[in-house]
Amino acid sequence: MAGKSVKAKSDKDAGVKAYKIKINALLGACDKKSMQISQLEAKCKTKKYGRDAFIKAFDELRTEGRITVRKGMKVGLCSRLGVFPGTVTRLSRTFGFAETDTGTEYFIPGKYMLGAMPGDRVLIESIASRSGEPEGEIVDIIEFGSQTLAGRIETVDGEQYLVPDTAARNHMVIVRDGSTAFSDGDKVIAEIVFRGKRHAEHKVRIAAVLGSSESAAACAEAVLRVSGAPLAFSEDSLKEARKIAEGGVQEHCFNNRTDFRDKLIFTIDSASSKDLDDAVSVERTERGYLLGVHIADVSQYVKGNSALDKEAMLRGTSIYYADRVIPMLPEEISNGICSLNPGDNRLTLSAMIELDEEGGMLSYSFCKSVIRSRVKGVYSEINELLDGGGSEAVREKYREVLDCLPLMDELAGKLIEKRKRRHSPEIDTVETALIIDENGVCCGAVPRERGRSERIIEEFMLTANEAAAKLAREKKVPFVYRVHEAPPEPKTEALREILPKLGIDCPRFTEFSPVHAAEILERARGTDKYEAVNMLVLRSMSKAKYSTEPLGHFGLVLDDYAHFTSPIRRYPDLAVHRIITDILAGYGNEWMNKRYSGFAENAAERSSAAETRAVEIERDCEDRYKAELMQSHIGESFAARISGVTEYGFYAELPNTIEGLVHIRTLPEGEYDYSEPVSLTEKFSGVSYELGAEVRVICAAANVSDGIIDFVLDSDEE
C-alpha cells in the first residue's frame with residue numbers, strides 16, 4: 001500500500017510539473033496575451049494527469065507571480081502583461097509601498113492598494129509617476145502575509161472599532177466572539193477574519209489586550225508581537241541552557257587551552273550590562289603593543305544544529321529598547337556561564353594582535369583560552385580615572401588594573417589616528433539613552449555619551465574584527481563577513497548637486513571613495529552647514545550587511561572586516577567563532593568548504609534580515625517612549641535644529657534627540673517650494689527652512705500609540 005501511495009504522489013508531481021510547462025507555453029504563444037481559464041484548461045487536456053494536478057500547477061504559478069487572472073476570468077503571463085511580483089513593505093494613512101523581487105520600491109497610492117497589508121505578496125503594475133520615483137498599482141494579492149495586527153480601540157457613534165497601527169488608520173469592524181473583553185483606548189492585538197478590497201472593509205477579532213494605548217510599554221509590546229520576532233524560547237532550548245549552566249565550567253575544559261588567568265584582563269561595559277562577552281588586555285612590547293581581545297567562547301556550549309543554535313539563528317540578534325532586552329540566548333547562557341564575570345574562570349576565544357608604535361598590525365593569532373577577569377569595568381568610572389579623577393572607592397576597585405588604563409588609552413589614540421590616515425569619514429551619529437522610572441514610564445531622554453573608555457573598547461573591537469576577517473581570507477575558508485559597500489551612484493550624484501547649494505565645494509570624483517566623504521565633512525566642519533552636510537553624507541551611505549564575500553568596509557576603509565566580538569548577542573559572531581574554532585583544530589579546506597559553505601550563506605542572509613527587523617523594532621519602540629515623554633511637555637517651547645526636510649514640512653530635533661514633525665499646514669500661509677532634501681522656501685517672502693538650521697518649536701501633540709510627535713513653530717519664529 002505504501003508503495004502505491006508513493007507512486008501516486010510521484011505521478012501527481014510529474015503531472016504538476018508538466019502542466020506548469022504547458023501553461024507557460026500556451027500563454028506565451030497566445031496572440032492576445034491572455035485567454036479564458038476554461039480555454040486554457042481544455043488546451044492542457046487535463047484528463048491525462050487529472051484536474052487536481054492542473055489546479056495545483058495553476059495555483060503554484062499564480063503564487064510564484066508568474067501568471068495572473070484579470071477581469072472576465074482571463075489569465076496571462078505576468079511578464080507579457082507588464083505586471084511583476086513584490087511584497088508590501090509598509091503603509092501610511094493614504095498610501096503604501098511595495099518592493100519588487102528585484103529590489104525596486106514602488107509608491108502605491110491608497111486607492112490602488114487593493115486592501116493589501118504589510119507582508120502580502122502582490123502583483124504590481126506600473127502607473128504614471130507624479131514624482132519621478134516608481135509608482136504602481138496592486139492588481140492582485142497572490143499570498144497573504146501575517147493576519148495579525150496591532151491597534152487601538154476607538155468608539156465612533158457608540159460603536160467600537162479597531163484603528164490599526166498600519167492599514168491607513170481605517171476604522172475596522174470588530175467581530176465579537178466574547179472571548180476577550182476590551183475598552184475604549186486599549187492597545188490590542190487583532191486577527192483579520194475577513195479581507196475586503198479596501199482596508200476599511202477588513203474585519204477583525206480582538207485576540208489580546210495589552211494595556212492603555214497611552215502607555216509606551218504596552219505599545220512597544222504591540223510592536224514586538226506583530227514584528228515576527230520570536231519572544232519566548234523553545235522548551236528544548238531552555239532545557240539545553242539549564243543543563244549547560246548546571247554543568248558549570250569544569251577543569252577538564254581547560255585542556256588544550258591557553259591559560260591567561262595570570263594576565264591583567266578585564267571587561268569594560270555599561271553599569272547595567274549583564275552579558276559581558278568581551279574582555280581586553282594590553283602589554284607594551286619591544287615593537288609596540290600586544291593587544292588581547294578575549295571573547296566569550298559561546299561556540300563551546302552552543303553546538304551546531306542544537307536546539308540552542310536553531311533558536312539563536314532564528315532570532316539572529318538580541319533586541320534592545322528602553323530598559324528591556326529580548327536576548328538571542330537564554331540568560332543561563334548570556335548572563336551566566338558565558339558572561340565574563342570578575343573572579344570567575346571563563347572559556348574564551350582570544351585574538352592576540354601585535355601592533356607597531358603607530359598602531360599598524362604586525363601579526364595576529366587566535367587561540368582557545370581560559371581567563372579570569374579582574375574587575376567589571378564601567379565606562380563612566382574609567383572615564384573619570386582617565387581624566388585624573390575618581391573617588392577613593394573607585395580607585396580601590398580598579399587597583400589591580402589602574403596602571404593598564406593609560407597604556408590602553410595611548411594605544412586607542414594611535415588606532416584612531418591610523419583610521420584618520422586611512423581617510424575614514426568621521427560621520428557624527430547620536431544614539432538616545434531613555435530614562436525609565438520605576439513604573440516603566442519614560443521620564444527623560446539624553447544623547448548617549450561616548451567617552452574615552454567607550455572609544456578604547458570600540459577601537460580594540462574593530463581591530464579584533466579586522467584580524468578575524470584577515471584570518472578567513474588567508475585560509476580561504478567559507479566565512480561570514482561584515483560588509484559595507486560604496487554609496488550607490490544616484491546618491492553620490494545627489495551629493496554633487498546639493499553641496500554647492502549649501503556653499504560647500506564638492507570634491508571632483510569619477511568613483512566616490514571614502515576620502516571624498518571625509519573631505520566633504522572636513523570642508524563643512526566648523527561652519528553653520530556642518531549639521532546639514534553630516535546628515536546628507538550619512539544618508540548617502542549604503543547599509544552594512546553580512547556576506548560570504550569579503551567586499552570590504554567602505555566606512556572603516558578596511559579590506560577585511562567581520563563581526564567577531566559579540567557572540568552572546570549576534571549570530572554572525574557565533575558563526576565566525578565556530579569557523580575559527582575548526583581552523584584552529586586544523587581541518588583542511590575541502591572539509592571546511594563542505595561543512596561551512598551552505599552554513600555561512602544561510603547565516604549571512606538570515607542575520608542580515610534579523611538585523612533589519614531588530615533595527616525597525618528598536619526604532620519603533622523608542623518612538624513610543626519618546627512620545628510618552630513629550631506628552632508631559634505639550635505646549636512647551638524648545639530650541640531645535642531642522643533634521644529633515646520633505647514636501648509636507650520638516651522634522652526638528654531637540655538637543656535631547658527627540659524629533660517631531662512641523663507640518664507644512666502649520667507654517668505661515670504661503671506657497672512653498674521644496675528643494676529636495678535641503679529646504680522648504682516660501683515663494684514670495686523668501687523665508688526658507690533649511691536642513692541643519694536652528695528653529696524654536698512648541699510641542700503641539702504626542703501620540704504614544706503611533707509614536708508620532710507634532711511640533712509647531714513658536715510664534716516668535718514666525
# chains A, B, ... in the order shown; residues from 1 in each chain; ligands from 1
$ residues_around --residues "His663 of chain A" --least-positions-apart "3" --cutoff "9 Å" --atoms "only C-alpha atoms" --output "ChimeraX atom specification"
/A:648-651,666-667,710-712
$ select_by_dssp --residues "segment 53-197 of chain A" --states "alpha helix (DSSP H)" --output "list in words"
Ala53, Phe54, Ile55, Lys56, Ala57, Phe58, Asp59, Glu60, Leu61, Arg62, Thr63, Cys78, Ser79, Arg80 and Leu81 of chain A
$ closest_atom_pairs --of "segment 526-629 of chain A" --to "segment 260-279 of chain A" --cutoff "7 Å" --atoms "only C-alpha atoms" --output "JSON lines"
{"residue": "A:Thr565", "atom": "CA", "partner": "A:Asp278", "partner_atom": "CA", "distance": 6.5}
{"residue": "A:Ser566", "atom": "CA", "partner": "A:Asp277", "partner_atom": "CA", "distance": 6.1}
{"residue": "A:Ile568", "atom": "CA", "partner": "A:Asp277", "partner_atom": "CA", "distance": 6.4}
$ write_last_selection --atoms "C-alpha atoms" --output "CSV table (one decimal), in the first residue's frame"
chain,number,residue,atom,x,y,z
A,565,THR,CA,33.3,40.3,19.3
A,566,SER,CA,29.7,39.7,20.4
A,568,ILE,CA,26.2,36.3,23.0
$ residues_around --residues "segment 403-408 of chain A" --least-positions-apart "2" --cutoff "9 Å" --atoms "only C-alpha atoms" --output "PDB file with N, CA and C atoms, in the first residue's frame"
ATOM      1  N   LEU A 264      46.499  40.508  33.256  1.00  0.00           N
ATOM      2  CA  LEU A 264      45.587  41.576  33.682  1.00  0.00           C
ATOM      3  C   LEU A 264      44.541  41.782  32.584  1.00  0.00           C
ATOM      4  N   SER A 281      43.099  43.101  27.174  1.00  0.00           N
ATOM      5  CA  SER A 281      44.395  43.233  27.842  1.00  0.00           C
ATOM      6  C   SER A 281      45.349  43.933  26.884  1.00  0.00           C
ATOM      7  N   VAL A 282      46.284  44.714  27.429  1.00  0.00           N
ATOM      8  CA  VAL A 282      47.290  45.394  26.603  1.00  0.00           C
ATOM      9  C   VAL A 282      48.631  45.334  27.312  1.00  0.00           C
ATOM     10  N   GLU A 283      49.673  44.981  26.567  1.00  0.00           N
ATOM     11  CA  GLU A 283      51.037  44.973  27.092  1.00  0.00           C
ATOM     12  C   GLU A 283      51.936  45.748  26.141  1.00  0.00           C
ATOM     13  N   ARG A 284      52.960  46.393  26.711  1.00  0.00           N
ATOM     14  CA  ARG A 284      53.958  47.051  25.873  1.00  0.00           C
ATOM     15  C   ARG A 284      54.970  46.006  25.425  1.00  0.00           C
ATOM     16  N   LEU A 291      47.945  43.528  21.933  1.00  0.00           N
ATOM     17  CA  LEU A 291      46.543  43.692  22.300  1.00  0.00           C
ATOM     18  C   LEU A 291      45.882  42.321  22.382  1.00  0.00           C
ATOM     19  N   ILE A 382      35.710  54.512  34.479  1.00  0.00           N
ATOM     20  CA  ILE A 382      37.025  54.543  33.819  1.00  0.00           C
ATOM     21  C   ILE A 382      37.259  55.900  33.163  1.00  0.00           C
ATOM     22  N   LEU A 385      38.606  58.056  35.807  1.00  0.00           N
ATOM     23  CA  LEU A 385      40.005  57.732  36.105  1.00  0.00           C
ATOM     24  C   LEU A 385      40.939  58.261  35.021  1.00  0.00           C
ATOM     25  N   LEU A 386      40.536  58.122  33.764  1.00  0.00           N
ATOM     26  CA  LEU A 386      41.376  58.604  32.661  1.00  0.00           C
ATOM     27  C   LEU A 386      41.493  60.124  32.672  1.00  0.00           C
ATOM     28  N   ARG A 399      42.232  48.956  41.456  1.00  0.00           N
ATOM     29  CA  ARG A 399      43.633  48.958  41.907  1.00  0.00           C
ATOM     30  C   ARG A 399      44.527  48.058  41.059  1.00  0.00           C
ATOM     31  N   GLU A 400      44.053  46.824  40.759  1.00  0.00           N
ATOM     32  CA  GLU A 400      44.871  45.860  40.025  1.00  0.00           C
ATOM     33  C   GLU A 400      45.190  46.306  38.606  1.00  0.00           C
ATOM     34  N   VAL A 401      44.260  47.025  37.984  1.00  0.00           N
ATOM     35  CA  VAL A 401      44.417  47.325  36.553  1.00  0.00           C
ATOM     36  C   VAL A 401      44.653  48.813  36.285  1.00  0.00           C
ATOM     37  N   GLU A 410      46.472  55.186  25.322  1.00  0.00           N
ATOM     38  CA  GLU A 410      47.531  55.531  24.364  1.00  0.00           C
ATOM     39  C   GLU A 410      47.369  54.741  23.067  1.00  0.00           C
ATOM     40  N   LEU A 411      47.158  53.425  23.196  1.00  0.00           N
ATOM     41  CA  LEU A 411      47.003  52.582  22.006  1.00  0.00           C
ATOM     42  C   LEU A 411      45.739  52.962  21.236  1.00  0.00           C
ATOM     43  N   ALA A 412      44.646  53.190  21.938  1.00  0.00           N
ATOM     44  CA  ALA A 412      43.401  53.576  21.257  1.00  0.00           C
ATOM     45  C   ALA A 412      43.600  54.869  20.472  1.00  0.00           C
ATOM     46  N   GLY A 413      44.357  55.801  21.050  1.00  0.00           N
ATOM     47  CA  GLY A 413      44.654  57.057  20.353  1.00  0.00           C
ATOM     48  C   GLY A 413      45.419  56.808  19.060  1.00  0.00           C
ATOM     49  N   SER A 453      36.762  55.818  27.392  1.00  0.00           N
ATOM     50  CA  SER A 453      36.755  54.357  27.550  1.00  0.00           C
ATOM     51  C   SER A 453      35.880  53.691  26.491  1.00  0.00           C
ATOM     52  N   ILE A 456      38.010  53.477  23.504  1.00  0.00           N
ATOM     53  CA  ILE A 456      39.035  52.432  23.668  1.00  0.00           C
ATOM     54  C   ILE A 456      38.468  51.082  23.254  1.00  0.00           C
TER      55      ILE A 456
END
$ closest_atom_pairs --of "segment 521-563 of chain A" --to "segment 677-683 of chain A" --cutoff "10 Å" --atoms "only C-alpha atoms" --output "tab-separated table"
residue	atom	partner	partner_atom	distance
A:Ala532	CA	A:Val678	CA	8.1
A:Val533	CA	A:Val678	CA	9.8
A:Leu536	CA	A:Pro677	CA	8.6
$ residues_around --residues "segment 125-139 of chain A" --least-positions-apart "2" --cutoff "9 Å" --atoms "only C-alpha atoms" --output "number ranges by chain"
A: 68, 70, 81-84, 97-98, 104-109, 111-114, 116, 122-123, 141
$ write_last_selection --atoms "N, CA and C atoms" --output "compact mmCIF listing (two decimals), in the first residue's frame"
# COMPACT_ATOMS: atom_id res chain seq x y z
N THR A 68 -1.29 35.67 -13.89
CA THR A 68 -2.29 36.44 -13.15
C THR A 68 -3.65 36.32 -13.83
N ARG A 70 -7.09 38.16 -14.80
CA ARG A 70 -7.62 39.50 -15.00
C ARG A 70 -9.15 39.45 -15.06
N LEU A 81 2.10 40.75 -19.59
CA LEU A 81 1.09 41.74 -19.22
C LEU A 81 1.68 42.96 -18.51
N GLY A 82 2.99 42.93 -18.28
CA GLY A 82 3.65 44.07 -17.65
C GLY A 82 3.41 44.20 -16.16
N VAL A 83 3.13 43.08 -15.50
CA VAL A 83 2.98 43.09 -14.04
C VAL A 83 4.08 42.22 -13.43
N PHE A 84 4.43 42.50 -12.20
CA PHE A 84 5.55 41.79 -11.60
C PHE A 84 5.31 41.61 -10.11
N PHE A 97 3.81 51.21 0.27
CA PHE A 97 4.99 50.90 -0.53
C PHE A 97 5.09 49.40 -0.71
N ALA A 98 5.55 49.00 -1.89
CA ALA A 98 5.79 47.58 -2.16
C ALA A 98 7.15 47.47 -2.84
N THR A 104 13.34 46.94 -6.35
CA THR A 104 12.82 48.29 -6.64
C THR A 104 11.61 48.57 -5.76
N GLU A 105 11.61 49.74 -5.12
CA GLU A 105 10.50 50.11 -4.25
C GLU A 105 9.49 50.96 -5.03
N TYR A 106 8.22 50.59 -4.96
CA TYR A 106 7.15 51.30 -5.64
C TYR A 106 6.25 52.00 -4.63
N PHE A 107 5.93 53.26 -4.92
CA PHE A 107 4.93 54.01 -4.17
C PHE A 107 3.56 53.59 -4.69
N ILE A 108 2.64 53.24 -3.78
CA ILE A 108 1.31 52.80 -4.18
C ILE A 108 0.27 53.74 -3.57
N PRO A 109 -0.43 54.56 -4.38
CA PRO A 109 -1.49 55.41 -3.82
C PRO A 109 -2.54 54.55 -3.12
N LYS A 111 -5.75 54.40 -3.09
CA LYS A 111 -6.87 53.85 -3.87
C LYS A 111 -6.46 52.66 -4.73
N TYR A 112 -5.15 52.45 -4.87
CA TYR A 112 -4.66 51.32 -5.67
C TYR A 112 -4.05 50.21 -4.82
N MET A 113 -4.30 50.25 -3.50
CA MET A 113 -3.69 49.26 -2.60
C MET A 113 -4.41 47.92 -2.61
N LEU A 114 -5.69 47.90 -3.01
CA LEU A 114 -6.49 46.68 -3.09
C LEU A 114 -6.64 46.01 -1.71
N ALA A 116 -4.32 45.55 0.43
CA ALA A 116 -3.13 44.76 0.77
C ALA A 116 -2.52 45.23 2.09
N VAL A 122 2.20 40.43 -3.69
CA VAL A 122 1.27 41.07 -4.60
C VAL A 122 1.83 41.14 -6.01
N LEU A 123 0.95 41.44 -6.96
CA LEU A 123 1.36 41.75 -8.32
C LEU A 123 1.19 43.24 -8.53
N ILE A 141 -3.52 40.19 -5.12
CA ILE A 141 -2.83 39.70 -3.92
C ILE A 141 -2.69 38.20 -4.10
$ decode --residues "segment 399-503 of chain A" --atoms "C-alpha atoms" --output "PDB file, in the first residue's frame"
ATOM      1  CA  ARG A 399      43.633  48.958  41.907  1.00  0.00           C
ATOM      2  CA  GLU A 400      44.871  45.860  40.025  1.00  0.00           C
ATOM      3  CA  VAL A 401      44.417  47.325  36.553  1.00  0.00           C
ATOM      4  CA  LEU A 402      44.905  51.039  37.200  1.00  0.00           C
ATOM      5  CA  ASP A 403      48.332  51.105  35.538  1.00  0.00           C
ATOM      6  CA  CYS A 404      46.894  49.481  32.364  1.00  0.00           C
ATOM      7  CA  LEU A 405      44.469  52.303  31.658  1.00  0.00           C
ATOM      8  CA  PRO A 406      46.943  54.933  30.341  1.00  0.00           C
ATOM      9  CA  LEU A 407      48.505  52.317  28.027  1.00  0.00           C
ATOM     10  CA  MET A 408      45.077  51.337  26.693  1.00  0.00           C
ATOM     11  CA  ASP A 409      44.223  54.991  26.146  1.00  0.00           C
ATOM     12  CA  GLU A 410      47.531  55.531  24.364  1.00  0.00           C
ATOM     13  CA  LEU A 411      47.003  52.582  22.006  1.00  0.00           C
ATOM     14  CA  ALA A 412      43.401  53.576  21.257  1.00  0.00           C
ATOM     15  CA  GLY A 413      44.654  57.057  20.353  1.00  0.00           C
ATOM     16  CA  LYS A 414      47.141  55.525  17.884  1.00  0.00           C
ATOM     17  CA  LEU A 415      44.387  53.391  16.329  1.00  0.00           C
ATOM     18  CA  ILE A 416      42.115  56.428  15.959  1.00  0.00           C
ATOM     19  CA  GLU A 417      44.930  58.344  14.248  1.00  0.00           C
ATOM     20  CA  LYS A 418      45.556  55.393  11.937  1.00  0.00           C
ATOM     21  CA  ARG A 419      41.884  55.403  10.946  1.00  0.00           C
ATOM     22  CA  LYS A 420      42.118  59.119  10.174  1.00  0.00           C
ATOM     23  CA  ARG A 421      45.150  58.481   7.981  1.00  0.00           C
ATOM     24  CA  ARG A 422      43.046  55.977   6.032  1.00  0.00           C
ATOM     25  CA  HIS A 423      40.593  58.855   5.475  1.00  0.00           C
ATOM     26  CA  SER A 424      37.784  57.032   7.215  1.00  0.00           C
ATOM     27  CA  PRO A 425      34.870  59.506   7.145  1.00  0.00           C
ATOM     28  CA  GLU A 426      34.066  60.706  10.677  1.00  0.00           C
ATOM     29  CA  ILE A 427      30.283  60.843  10.462  1.00  0.00           C
ATOM     30  CA  ASP A 428      28.655  62.015  13.684  1.00  0.00           C
ATOM     31  CA  THR A 429      25.782  59.840  14.852  1.00  0.00           C
ATOM     32  CA  VAL A 430      23.916  60.243  18.112  1.00  0.00           C
ATOM     33  CA  GLU A 431      22.058  57.490  19.951  1.00  0.00           C
ATOM     34  CA  THR A 432      19.369  58.124  22.557  1.00  0.00           C
ATOM     35  CA  ALA A 433      19.525  56.954  26.155  1.00  0.00           C
ATOM     36  CA  LEU A 434      15.975  56.782  27.525  1.00  0.00           C
ATOM     37  CA  ILE A 435      15.408  57.244  31.248  1.00  0.00           C
ATOM     38  CA  ILE A 436      12.679  54.929  32.538  1.00  0.00           C
ATOM     39  CA  ASP A 437      11.178  55.323  36.015  1.00  0.00           C
ATOM     40  CA  GLU A 438      10.168  52.582  38.454  1.00  0.00           C
ATOM     41  CA  ASN A 439       6.718  52.386  36.823  1.00  0.00           C
ATOM     42  CA  GLY A 440       8.179  51.714  33.384  1.00  0.00           C
ATOM     43  CA  VAL A 441       7.312  55.218  32.144  1.00  0.00           C
ATOM     44  CA  CYS A 442       9.770  57.304  30.118  1.00  0.00           C
ATOM     45  CA  CYS A 443      10.698  60.370  32.149  1.00  0.00           C
ATOM     46  CA  GLY A 444      13.743  61.590  30.239  1.00  0.00           C
ATOM     47  CA  ALA A 445      15.988  61.261  27.203  1.00  0.00           C
ATOM     48  CA  VAL A 446      19.623  62.255  26.703  1.00  0.00           C
ATOM     49  CA  PRO A 447      22.209  61.715  23.969  1.00  0.00           C
ATOM     50  CA  ARG A 448      24.230  58.591  24.724  1.00  0.00           C
ATOM     51  CA  GLU A 449      27.734  59.679  25.661  1.00  0.00           C
ATOM     52  CA  ARG A 450      30.889  58.232  24.112  1.00  0.00           C
ATOM     53  CA  GLY A 451      33.784  58.984  26.397  1.00  0.00           C
ATOM     54  CA  ARG A 452      37.396  57.854  26.214  1.00  0.00           C
ATOM     55  CA  SER A 453      36.755  54.357  27.550  1.00  0.00           C
ATOM     56  CA  GLU A 454      33.939  53.801  25.025  1.00  0.00           C
ATOM     57  CA  ARG A 455      36.365  54.762  22.257  1.00  0.00           C
ATOM     58  CA  ILE A 456      39.035  52.432  23.668  1.00  0.00           C
ATOM     59  CA  ILE A 457      36.715  49.439  23.519  1.00  0.00           C
ATOM     60  CA  GLU A 458      35.395  50.443  20.099  1.00  0.00           C
ATOM     61  CA  GLU A 459      38.905  50.616  18.620  1.00  0.00           C
ATOM     62  CA  PHE A 460      40.023  47.344  20.215  1.00  0.00           C
ATOM     63  CA  MET A 461      36.934  45.523  18.942  1.00  0.00           C
ATOM     64  CA  LEU A 462      37.394  46.930  15.423  1.00  0.00           C
ATOM     65  CA  THR A 463      40.984  45.656  15.440  1.00  0.00           C
ATOM     66  CA  ALA A 464      39.944  42.149  16.517  1.00  0.00           C
ATOM     67  CA  ASN A 465      37.162  42.099  13.917  1.00  0.00           C
ATOM     68  CA  GLU A 466      39.657  43.019  11.214  1.00  0.00           C
ATOM     69  CA  ALA A 467      42.037  40.258  12.330  1.00  0.00           C
ATOM     70  CA  ALA A 468      39.250  37.651  12.224  1.00  0.00           C
ATOM     71  CA  ALA A 469      38.389  38.573   8.636  1.00  0.00           C
ATOM     72  CA  LYS A 470      42.075  38.552   7.648  1.00  0.00           C
ATOM     73  CA  LEU A 471      42.412  35.027   9.029  1.00  0.00           C
ATOM     74  CA  ALA A 472      39.445  33.774   6.996  1.00  0.00           C
ATOM     75  CA  ARG A 473      40.676  35.366   3.785  1.00  0.00           C
ATOM     76  CA  GLU A 474      44.174  33.995   4.364  1.00  0.00           C
ATOM     77  CA  LYS A 475      42.839  30.477   4.976  1.00  0.00           C
ATOM     78  CA  LYS A 476      40.350  30.751   2.059  1.00  0.00           C
ATOM     79  CA  VAL A 477      37.506  29.227   4.066  1.00  0.00           C
ATOM     80  CA  PRO A 478      33.760  29.975   3.957  1.00  0.00           C
ATOM     81  CA  PHE A 479      33.051  32.873   6.304  1.00  0.00           C
ATOM     82  CA  VAL A 480      30.515  35.489   7.362  1.00  0.00           C
ATOM     83  CA  TYR A 481      31.944  38.937   6.637  1.00  0.00           C
ATOM     84  CA  ARG A 482      30.524  42.295   7.704  1.00  0.00           C
ATOM     85  CA  VAL A 483      30.479  44.369   4.528  1.00  0.00           C
ATOM     86  CA  HIS A 484      29.715  47.981   3.741  1.00  0.00           C
ATOM     87  CA  GLU A 485      29.683  48.797   0.057  1.00  0.00           C
ATOM     88  CA  ALA A 486      30.292  52.177  -1.587  1.00  0.00           C
ATOM     89  CA  PRO A 487      27.272  54.500  -1.803  1.00  0.00           C
ATOM     90  CA  PRO A 488      25.078  53.943  -4.880  1.00  0.00           C
ATOM     91  CA  GLU A 489      25.803  56.325  -7.763  1.00  0.00           C
ATOM     92  CA  PRO A 490      22.439  58.180  -7.617  1.00  0.00           C
ATOM     93  CA  LYS A 491      23.170  59.191  -4.020  1.00  0.00           C
ATOM     94  CA  THR A 492      26.709  60.403  -4.746  1.00  0.00           C
ATOM     95  CA  GLU A 493      25.414  62.334  -7.770  1.00  0.00           C
ATOM     96  CA  ALA A 494      22.808  63.911  -5.493  1.00  0.00           C
ATOM     97  CA  LEU A 495      25.612  64.995  -3.154  1.00  0.00           C
ATOM     98  CA  ARG A 496      27.473  66.524  -6.099  1.00  0.00           C
ATOM     99  CA  GLU A 497      24.346  68.524  -6.939  1.00  0.00           C
ATOM    100  CA  ILE A 498      23.256  69.520  -3.418  1.00  0.00           C
ATOM    101  CA  LEU A 499      26.528  70.517  -1.728  1.00  0.00           C
ATOM    102  CA  PRO A 500      27.108  73.690  -3.816  1.00  0.00           C
ATOM    103  CA  LYS A 501      23.610  74.854  -2.776  1.00  0.00           C
ATOM    104  CA  LEU A 502      24.878  74.742   0.809  1.00  0.00           C
ATOM    105  CA  GLY A 503      28.038  76.632  -0.103  1.00  0.00           C
TER     106      GLY A 503
END
